[in-house]
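Okay, so here's the structure we're looking at.
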Amino acid sequence: MAAPVSATGDSHEGIEITVNINDANAEELDKLLVGIGPDKAASIIEYRQLNGPFESAEDLIKVKGIGTSTVEKNRERIKLQ
């Protein structure tokens, strides 16, 4: 989980919220991604364990229960490295 200082993007008091979807634990995914609760966070972890790291933010739609709109809401937050 990284929180670089930024004046743009999805931020709170000047801190941009970003989540590495390949490293984040279920709690981080649940708390930091919009529209991702505990069940979807667990599904992301399970998918990652079975299929390896995500190659793009769009790969999240391969996880059951996550659609394009959820990816779009989180596009600025999602990091791969």
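Simple scheme: letters A, B, ... for chains in structure tokens order, numbers from 1 for residues in each chain, numbers from 1 for ligands in the order shown.
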Within 12 Å of Glu55 (chain A) using only C-alpha atoms, minus same-chain residues under 6 positions, as an NGL selection string: :A and (20-22 or 48 or 61-62 or 78-81)
In chain A, DSSP strand (DSSP E) residues written as a PyMOL selection string: chain A and resi 11-12+15-16+19-20+78-79
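Secondary structure of region 3-65 of chain A, alpha helix (DSSP H) only (DSSP, backbone atoms): Ala26, Glu27, Glu28, Leu29, Asp30, Lys31, Leu32, Pro38, Asp39, Lys40, Ala41, Ala42, Ser43, Ile44, Ile45, Glu46, Tyr47, Arg48, Gln49, Leu50 and Asn51 of chain A.
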Take the residues just selected and output them with N, CA and C atoms as a JSON list (two decimals), in the first residue's frame.
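File out_25.json, as written:
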[["chain", "number", "residue", "atom", "x", "y", "z"],
["A", 26, "ALA", "N", -6.35, -8.83, 1.95],
["A", 26, "ALA", "CA", -7.79, -8.68, 1.82],
["A", 26, "ALA", "C", -8.31, -7.43, 2.53],
["A", 27, "GLU", "N", -7.77, -7.12, 3.69],
["A", 27, "GLU", "CA", -8.22, -5.93, 4.42],
["A", 27, "GLU", "C", -7.92, -4.65, 3.64],
["A", 28, "GLU", "N", -6.72, -4.57, 3.05],
["A", 28, "GLU", "CA", -6.36, -3.38, 2.25],
["A", 28, "GLU", "C", -7.29, -3.25, 1.04],
["A", 29, "LEU", "N", -7.54, -4.36, 0.36],
["A", 29, "LEU", "CA", -8.42, -4.32, -0.81],
["A", 29, "LEU", "C", -9.82, -3.88, -0.41],
["A", 30, "ASP", "N", -10.31, -4.41, 0.69],
["A", 30, "ASP", "CA", -11.65, -4.08, 1.20],
["A", 30, "ASP", "C", -11.75, -2.61, 1.56],
["A", 31, "LYS", "N", -10.79, -2.08, 2.27],
["A", 31, "LYS", "CA", -10.86, -0.71, 2.79],
["A", 31, "LYS", "C", -10.51, 0.36, 1.77],
["A", 32, "LEU", "N", -9.62, 0.05, 0.82],
["A", 32, "LEU", "CA", -9.09, 1.09, -0.05],
["A", 32, "LEU", "C", -9.68, 1.12, -1.46],
["A", 38, "PRO", "N", -15.47, -7.36, 1.89],
["A", 38, "PRO", "CA", -14.66, -8.50, 2.34],
["A", 38, "PRO", "C", -14.75, -9.72, 1.41],
["A", 39, "ASP", "N", -15.93, -10.01, 0.89],
["A", 39, "ASP", "CA", -16.09, -11.18, 0.02],
["A", 39, "ASP", "C", -15.36, -11.01, -1.31],
["A", 40, "LYS", "N", -15.51, -9.83, -1.93],
["A", 40, "LYS", "CA", -14.82, -9.59, -3.20],
["A", 40, "LYS", "C", -13.31, -9.51, -2.98],
["A", 41, "ALA", "N", -12.89, -8.95, -1.86],
["A", 41, "ALA", "CA", -11.46, -8.89, -1.55],
["A", 41, "ALA", "C", -10.89, -10.30, -1.45],
["A", 42, "ALA", "N", -11.62, -11.19, -0.78],
["A", 42, "ALA", "CA", -11.19, -12.59, -0.67],
["A", 42, "ALA", "C", -11.14, -13.25, -2.04],
["A", 43, "SER", "N", -12.09, -12.92, -2.91],
["A", 43, "SER", "CA", -12.11, -13.47, -4.26],
["A", 43, "SER", "C", -10.91, -12.99, -5.08],
["A", 44, "ILE", "N", -10.52, -11.73, -4.88],
["A", 44, "ILE", "CA", -9.33, -11.20, -5.57],
["A", 44, "ILE", "C", -8.09, -11.97, -5.14],
["A", 45, "ILE", "N", -7.95, -12.19, -3.84],
["A", 45, "ILE", "CA", -6.80, -12.94, -3.32],
["A", 45, "ILE", "C", -6.80, -14.36, -3.89],
["A", 46, "GLU", "N", -7.95, -15.01, -3.87],
["A", 46, "GLU", "CA", -8.06, -16.38, -4.37],
["A", 46, "GLU", "C", -7.70, -16.45, -5.86],
["A", 47, "TYR", "N", -8.23, -15.51, -6.64],
["A", 47, "TYR", "CA", -7.93, -15.48, -8.07],
["A", 47, "TYR", "C", -6.43, -15.31, -8.29],
["A", 48, "ARG", "N", -5.83, -14.41, -7.54],
["A", 48, "ARG", "CA", -4.40, -14.13, -7.66],
["A", 48, "ARG", "C", -3.57, -15.36, -7.33],
["A", 49, "GLN", "N", -3.98, -16.10, -6.31],
["A", 49, "GLN", "CA", -3.25, -17.31, -5.91],
["A", 49, "GLN", "C", -3.35, -18.40, -6.97],
["A", 50, "LEU", "N", -4.50, -18.51, -7.61],
["A", 50, "LEU", "CA", -4.72, -19.55, -8.62],
["A", 50, "LEU", "C", -4.15, -19.19, -9.99],
["A", 51, "ASN", "N", -4.15, -17.91, -10.32],
["A", 51, "ASN", "CA", -3.81, -17.49, -11.68],
["A", 51, "ASN", "C", -2.57, -16.61, -11.80]]
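When CA of Val63 (chain A) is paired with CA of Ile15 (chain A), their separation reads 28.2 Å.
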